[in-house]
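Q: my_file-v2.pdb is reproduced in full below (PDB, C-alpha atoms).
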ATOM      1  CA  MET A 622     100.149  54.605 110.289
ATOM      2  CA  HIS A 623      99.866  57.137 107.466
ATOM      3  CA  GLN A 624      98.491  54.724 104.851
ATOM      4  CA  GLU A 625      94.932  55.977 105.423
ATOM      5  CA  SER A 626      96.006  59.589 104.966
ATOM      6  CA  ILE A 627      97.997  58.707 101.846
ATOM      7  CA  ALA A 628      94.930  57.000 100.368
ATOM      8  CA  LEU A 629      92.761  60.069 101.060
ATOM      9  CA  LEU A 630      95.393  62.432  99.690
ATOM     10  CA  ASN A 631      95.657  60.340  96.505
ATOM     11  CA  ALA A 632      91.857  60.297  96.197
ATOM     12  CA  ALA A 633      91.896  64.086  96.441
ATOM     13  CA  ALA A 634      94.678  64.309  93.826
ATOM     14  CA  ALA A 635      92.580  62.101  91.513
ATOM     15  CA  ASP A 636      89.586  64.390  92.070
ATOM     16  CA  GLU A 637      91.675  67.489  91.373
ATOM     17  CA  LEU A 638      93.224  65.960  88.246
ATOM     18  CA  ALA A 639      89.751  65.162  86.886
ATOM     19  CA  ALA A 640      88.745  68.765  87.615
ATOM     20  CA  VAL A 641      91.793  70.112  85.747
ATOM     21  CA  HIS A 642      90.909  68.072  82.675
ATOM     22  CA  GLN A 643      87.239  69.032  82.833
ATOM     23  CA  TYR A 644      87.883  72.741  83.346
ATOM     24  CA  MET A 645      90.427  72.904  80.539
ATOM     25  CA  TYR A 646      87.899  71.225  78.253
ATOM     26  CA  PHE A 647      85.333  73.858  79.261
ATOM     27  CA  HIS A 648      87.960  76.593  78.818
ATOM     28  CA  PHE A 649      88.689  75.474  75.258
ATOM     29  CA  HIS A 650      85.013  75.411  74.298
ATOM     30  CA  CYS A 651      84.126  78.724  75.938
ATOM     31  CA  ASN A 652      87.108  80.295  74.223
ATOM     32  CA  ASP A 653      86.013  78.818  70.894
ATOM     33  CA  GLN A 654      82.503  80.225  71.378
ATOM     34  CA  GLY A 655      83.887  83.703  72.143
ATOM     35  CA  TYR A 656      83.051  83.686  75.870
ATOM     36  CA  ASP A 657      86.393  85.029  77.043
ATOM     37  CA  LEU A 658      85.367  85.834  80.615
ATOM     38  CA  LEU A 659      84.008  82.346  81.257
ATOM     39  CA  ALA A 660      86.949  80.784  79.412
ATOM     40  CA  GLY A 661      89.247  82.705  81.731
ATOM     41  CA  LEU A 662      87.336  81.542  84.806
ATOM     42  CA  PHE A 663      87.657  77.897  83.785
ATOM     43  CA  ARG A 664      91.354  78.328  82.973
ATOM     44  CA  ARG A 665      92.145  80.055  86.284
ATOM     45  CA  THR A 666      90.270  77.404  88.227
ATOM     46  CA  ALA A 667      92.133  74.630  86.390
ATOM     47  CA  ILE A 668      95.446  76.254  87.313
ATOM     48  CA  GLU A 669      94.382  76.504  90.958
ATOM     49  CA  GLU A 670      93.412  72.826  90.890
ATOM     50  CA  MET A 671      96.887  72.014  89.516
ATOM     51  CA  LEU A 672      98.392  73.825  92.476
ATOM     52  CA  HIS A 673      96.179  71.717  94.758
ATOM     53  CA  ILE A 674      97.609  68.584  93.158
ATOM     54  CA  GLU A 675     101.105  69.858  93.821
ATOM     55  CA  ARG A 676     100.354  70.442  97.524
ATOM     56  CA  LEU A 677      98.708  67.034  97.821
ATOM     57  CA  ALA A 678     101.650  65.329  96.089
ATOM     58  CA  GLU A 679     104.152  67.048  98.378
ATOM     59  CA  ARG A 680     102.250  65.784 101.419
ATOM     60  CA  ILE A 681     101.965  62.255 100.009
ATOM     61  CA  LEU A 682     105.706  62.137  99.357
ATOM     62  CA  PHE A 683     106.455  63.533 102.813
ATOM     63  CA  LEU A 684     104.428  60.652 104.265
ATOM     64  CA  LYS A 685     106.560  58.267 102.138
ATOM     65  CA  GLY A 686     103.714  57.365  99.830
ATOM     66  CA  ASP A 687     103.535  57.302  96.043
ATOM     67  CA  VAL A 688     101.503  59.777  94.006
ATOM     68  CA  THR A 689      99.205  57.812  91.684
ATOM     69  CA  LEU A 690      97.725  60.643  89.532
ATOM     70  CA  VAL A 691      94.878  58.714  87.940
ATOM     71  CA  PRO A 692      91.902  61.013  87.241
ATOM     72  CA  ALA A 693      88.808  60.167  89.290
ATOM     73  CA  ALA A 694      86.498  60.686  86.289
ATOM     74  CA  GLU A 695      86.456  61.021  82.528
ATOM     75  CA  VAL A 696      85.944  64.407  80.883
ATOM     76  CA  ARG A 697      82.300  65.078  80.179
ATOM     77  CA  ALA A 698      81.847  66.311  76.597
ATOM     78  CA  VAL A 699      79.525  69.218  77.312
ATOM     79  CA  THR A 700      79.550  72.443  75.307
ATOM     80  CA  ASP A 701      76.389  74.117  76.639
ATOM     81  CA  VAL A 702      77.486  76.916  78.972
ATOM     82  CA  ARG A 703      74.694  76.413  81.510
ATOM     83  CA  GLN A 704      75.555  72.718  81.785
ATOM     84  CA  MET A 705      79.257  73.541  82.092
ATOM     85  CA  LEU A 706      78.547  75.844  85.009
ATOM     86  CA  GLN A 707      76.187  73.388  86.699
ATOM     87  CA  ILE A 708      78.678  70.535  86.369
ATOM     88  CA  SER A 709      81.457  72.749  87.723
ATOM     89  CA  ARG A 710      79.389  73.956  90.668
ATOM     90  CA  ASP A 711      78.406  70.374  91.504
ATOM     91  CA  MET A 712      82.023  69.184  91.248
ATOM     92  CA  GLU A 713      83.206  71.914  93.612
ATOM     93  CA  GLU A 714      80.437  71.198  96.102
ATOM     94  CA  GLY A 715      81.248  67.483  96.081
ATOM     95  CA  SER A 716      84.938  68.163  96.600
ATOM     96  CA  ALA A 717      84.300  70.559  99.479
ATOM     97  CA  VAL A 718      82.087  68.004 101.247
ATOM     98  CA  ALA A 719      84.574  65.148 100.724
ATOM     99  CA  TYR A 720      87.581  67.208 101.794
ATOM    100  CA  GLY A 721      85.794  68.364 104.948
ATOM    101  CA  LYS A 722      85.086  64.749 105.854
ATOM    102  CA  TRP A 723      88.651  63.706 105.045
ATOM    103  CA  ALA A 724      90.040  66.568 107.151
ATOM    104  CA  ASN A 725      88.131  65.183 110.118
ATOM    105  CA  GLU A 726      89.344  61.656 109.429
ATOM    106  CA  CYS A 727      92.981  62.779 109.268
ATOM    107  CA  GLY A 728      92.546  64.846 112.414
ATOM    108  CA  GLY A 729      91.047  61.853 114.203
ATOM    109  CA  ARG A 730      94.203  59.876 113.402
ATOM    110  CA  GLY A 731      96.483  62.642 114.655
ATOM    111  CA  ASP A 732      97.611  63.744 111.177
ATOM    112  CA  SER A 733      97.128  67.457 111.745
ATOM    113  CA  ALA A 734      99.136  68.561 108.687
ATOM    114  CA  SER A 735      96.922  66.583 106.287
ATOM    115  CA  LYS A 736      93.885  67.861 108.204
ATOM    116  CA  GLN A 737      95.028  71.445 107.655
ATOM    117  CA  LEU A 738      95.735  70.770 103.980
ATOM    118  CA  PHE A 739      92.215  69.442 103.471
ATOM    119  CA  GLU A 740      90.714  72.377 105.377
ATOM    120  CA  GLY A 741      92.550  74.791 103.086
ATOM    121  CA  LEU A 742      91.275  72.907 100.058
ATOM    122  CA  VAL A 743      87.703  73.162 101.385
ATOM    123  CA  MET A 744      88.028  76.948 101.477
ATOM    124  CA  ASP A 745      89.295  77.047  97.886
ATOM    125  CA  GLU A 746      86.596  74.680  96.628
ATOM    126  CA  GLU A 747      83.892  76.753  98.330
ATOM    127  CA  ARG A 748      85.276  79.871  96.629
ATOM    128  CA  HIS A 749      85.201  78.072  93.261
ATOM    129  CA  TYR A 750      81.646  76.943  93.999
ATOM    130  CA  GLY A 751      80.706  80.564  94.671
ATOM    131  CA  SER A 752      82.192  81.700  91.355
ATOM    132  CA  TYR A 753      80.242  79.120  89.363
ATOM    133  CA  ASP A 754      77.079  79.796  91.350
ATOM    134  CA  THR A 755      77.415  83.528  90.610
ATOM    135  CA  GLU A 756      77.839  82.853  86.886
ATOM    136  CA  LEU A 757      74.777  80.598  86.891
ATOM    137  CA  GLY A 758      72.859  83.371  88.644
ATOM    138  CA  ASN A 759      73.970  85.859  85.986
ATOM    139  CA  LEU A 760      72.860  83.468  83.266
ATOM    140  CA  ASP A 761      69.478  83.011  84.972
ATOM    141  CA  ARG A 762      69.019  86.748  85.448
ATOM    142  CA  PHE A 763      70.189  87.939  82.021
ATOM    143  CA  GLY A 764      69.729  84.849  79.850
ATOM    144  CA  ASP A 765      71.424  84.679  76.483
ATOM    145  CA  LYS A 766      72.104  88.425  76.688
ATOM    146  CA  TYR A 767      74.772  87.611  79.278
ATOM    147  CA  LEU A 768      76.598  85.383  76.788
ATOM    148  CA  ALA A 769      76.131  87.932  73.996
ATOM    149  CA  LEU A 770      77.821  90.561  76.165
ATOM    150  CA  GLN A 771      80.797  88.257  76.670
ATOM    151  CA  SER A 772      81.043  87.661  72.935
ATOM    152  CA  MET A 773      80.878  91.407  72.306
ATOM    153  CA  GLU A 774      83.681  91.926  74.829
ATOM    154  CA  ARG A 775      85.949  89.754  72.662
ATOM    155  CA  SER A 776      85.013  91.741  69.550
ATOM    156  CA  ARG A 777      85.796  94.982  71.376
ATOM    157  CA  ALA A 778      89.196  93.655  72.512
ATOM    158  CA  VAL A 779      90.086  92.437  69.001
ATOM    159  CA  ALA A 780      89.065  95.789  67.502
ATOM    160  CA  ALA A 781      91.095  97.722  70.093
ATOM    161  CA  ALA A 782      94.161  95.581  69.406
ATOM    162  CA  ALA A 783      93.779  96.077  65.658
ATOM    163  CA  ALA A 784      93.424  99.857  66.086
ATOM    164  CA  ALA A 785      96.559  99.985  68.236
ATOM    165  CA  ALA A 786      98.656  97.949  65.785
ATOM    166  CA  PRO A 787     100.965  99.902  63.489
ATOM    167  CA  LEU A 788      99.929 100.012  59.869
TER     168      LEU A 788
END
Is it possible to give me this structure as structure tokens?
A:
Amino acid sequence: MHQESIALLNAAAADELAAVHQYMYFHFHCNDQGYDLLAGLFRRTAIEEMLHIERLAERILFLKGDVTLVPAAEVRAVTDVRQMLQISRDMEEGSAVAYGKWANECGGRGDSASKQLFEGLVMDEERHYGSYDTELGNLDRFGDKYLALQSMERSRAVAAAAAAAPL
């Protein structure tokens, strides 16, 4: 009876695992380029996606299924910040749409707990979408100056740490 829900939950875990890998890749490259605020956003989102995987896995195991944990997609080797943000926004939008549909499917089969899990994930994915959409808007509004400000923020933090260190 729960095989359909288990399949959807595993599909969601695969989607979330792909997102974790992609966002950590973006985190590493933003950090390397000195964009600490964006690097932090990608890192925090990756951690939230890991927590999603944990909730999905717990539900799968409760339903007596097996957690497959095969990423749904390969990491896209993109280092341009605008492209990173667009990819991330698109990923979050796709996940929110899929999870909303899957919530309805689980609800239609009487699996209200999986339905509620998917509905909670939709809310998180929409929040992530909003964060990436806001950053894209900032990039559109301020252009490269926005990235320069982030780079300067790192320089300011490094200088403050050096000034505070004992001689």
Q: Which residues, named as in the file, does the PyMOL selection byres ((chain A and resi 720) around 10) pick out? Answer as number ranges by chain.
A: A: 629-630, 632-633, 714-719, 721-726, 736, 738-744, 746
Q: Which residue, A:Leu677, A:Tyr644, A:Cys727, A:Met671, has the smallest gap to Leu706 in chain A when you use only C-alpha atoms?
A: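 Of the candidates, the smallest distance to Leu706 in chain A is held by A:Tyr644.
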Q: Write out as a ChimeraX atom specification each polymer residue whose atoms come within 10 Å of Val699 in chain A, counting all atoms listed in the file; drop sequence neighbours fewer than 2 positions from it.
A: /A:643,646-647,650,696-697,701-705,708
Q: From the options A:Arg664, A:Ala769, A:Glu756, A:Ala634, which residue's atoms come nearest to Glu679 in chain A, counting only C-alpha atoms?
A: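 Checking each candidate against Glu679 in chain A, we get A:Ala634 as the closest.
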Q: Between A:Asn759, A:Thr689, A:Gln771, A:Gln624, which residue has the minimum interatomic distance to Leu638 in chain A, considering all atoms listed in the file?
A: A:Thr689
Q: Hey, can you check how far CA of Lys766 in chain A sits from CA of Gln654 in chain A?
A: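 Separation of CA of Lys766 in chain A and CA of Gln654 in chain A: 14.3 Å.
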Q: Rank A:His749, A:His623, A:His642, A:Arg762 by their smallest atom-to-atom distance to Ala694 in chain A, using all atoms listed in the file, and report the top residue only.
A: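 Using all atoms listed in the file, Ala694 in chain A sits closest to A:His642.
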Q: Rank nothing, just name the residue among A:Ala678, A:Ala628, A:Ala639, A:Leu770 nearest to Gly655 in chain A, using all atoms listed in the file.
A: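 Closest residue, counting all atoms listed in the file: A:Leu770.
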Q: Any chance you could work out the axis-aligned box around range 738-757 of chain A, listed atoms only, 8 Å on each side, giving centre and edge lengths in Å to one decimal, as JSON?
A:
{"center_x": 85.3, "center_y": 76.5, "center_z": 96.1, "size_x": 37.0, "size_y": 30.1, "size_z": 34.5}
Q: Go ahead and compute the interatomic distance for CA of Thr700 in chain A and CA of Cys651 in chain A, in Å to one decimal.
A: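 Interatomic distance, CA of Thr700 in chain A to CA of Cys651 in chain A: 7.8 Å.
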Q: For Gly728 in chain A, which residue among A:Asp754, A:Asp657, A:Glu625, A:Glu747 is the nearest when counting all atoms listed in the file?
A: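 Smallest distance to Gly728 in chain A is found for A:Glu625.
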Q: Can you tell me how far CA of Ser626 in chain A sits from CA of Glu713 in chain A, in Å to one decimal?
A: 21.1 Å
Q: Would you translate the PyMOL selection byres ((chain A and resi 666) around 9) into the concrete set of residues it matches in this file, as a PDB file with C-alpha atoms, in the coordinates of the input?
A:
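Output saved as selection-v4.pdb:
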ATOM      1  CA  ALA A 640      88.745  68.765  87.615  1.00  0.00           C
ATOM      2  CA  VAL A 641      91.793  70.112  85.747  1.00  0.00           C
ATOM      3  CA  TYR A 644      87.883  72.741  83.346  1.00  0.00           C
ATOM      4  CA  MET A 645      90.427  72.904  80.539  1.00  0.00           C
ATOM      5  CA  GLY A 661      89.247  82.705  81.731  1.00  0.00           C
ATOM      6  CA  LEU A 662      87.336  81.542  84.806  1.00  0.00           C
ATOM      7  CA  PHE A 663      87.657  77.897  83.785  1.00  0.00           C
ATOM      8  CA  ARG A 664      91.354  78.328  82.973  1.00  0.00           C
ATOM      9  CA  ARG A 665      92.145  80.055  86.284  1.00  0.00           C
ATOM     10  CA  ALA A 667      92.133  74.630  86.390  1.00  0.00           C
ATOM     11  CA  ILE A 668      95.446  76.254  87.313  1.00  0.00           C
ATOM     12  CA  GLU A 669      94.382  76.504  90.958  1.00  0.00           C
ATOM     13  CA  GLU A 670      93.412  72.826  90.890  1.00  0.00           C
ATOM     14  CA  MET A 671      96.887  72.014  89.516  1.00  0.00           C
ATOM     15  CA  HIS A 749      85.201  78.072  93.261  1.00  0.00           C
TER      16      HIS A 749
END
Q: From the block I gave, I'd like range 623-639 of chain A written with C-alpha atoms, as a PDB file, in the first residue's frame.
A:
ATOM      1  CA  HIS A 623       2.808   2.435   0.809  1.00  0.00           C
ATOM      2  CA  GLN A 624       5.046   1.515  -2.141  1.00  0.00           C
ATOM      3  CA  GLU A 625       3.877   4.570  -4.106  1.00  0.00           C
ATOM      4  CA  SER A 626       4.643   6.882  -1.195  1.00  0.00           C
ATOM      5  CA  ILE A 627       8.042   5.256  -0.669  1.00  0.00           C
ATOM      6  CA  ALA A 628       8.879   5.807  -4.343  1.00  0.00           C
ATOM      7  CA  LEU A 629       7.907   9.495  -4.117  1.00  0.00           C
ATOM      8  CA  LEU A 630       9.812   9.961  -0.871  1.00  0.00           C
ATOM      9  CA  ASN A 631      12.920   8.381  -2.433  1.00  0.00           C
ATOM     10  CA  ALA A 632      12.529  10.607  -5.503  1.00  0.00           C
ATOM     11  CA  ALA A 633      12.422  13.613  -3.186  1.00  0.00           C
ATOM     12  CA  ALA A 634      15.507  12.370  -1.297  1.00  0.00           C
ATOM     13  CA  ALA A 635      17.324  12.015  -4.644  1.00  0.00           C
ATOM     14  CA  ASP A 636      16.307  15.573  -5.553  1.00  0.00           C
ATOM     15  CA  GLU A 637      17.477  16.895  -2.186  1.00  0.00           C
ATOM     16  CA  LEU A 638      20.781  15.008  -2.392  1.00  0.00           C
ATOM     17  CA  ALA A 639      21.457  16.520  -5.828  1.00  0.00           C
TER      18      ALA A 639
END
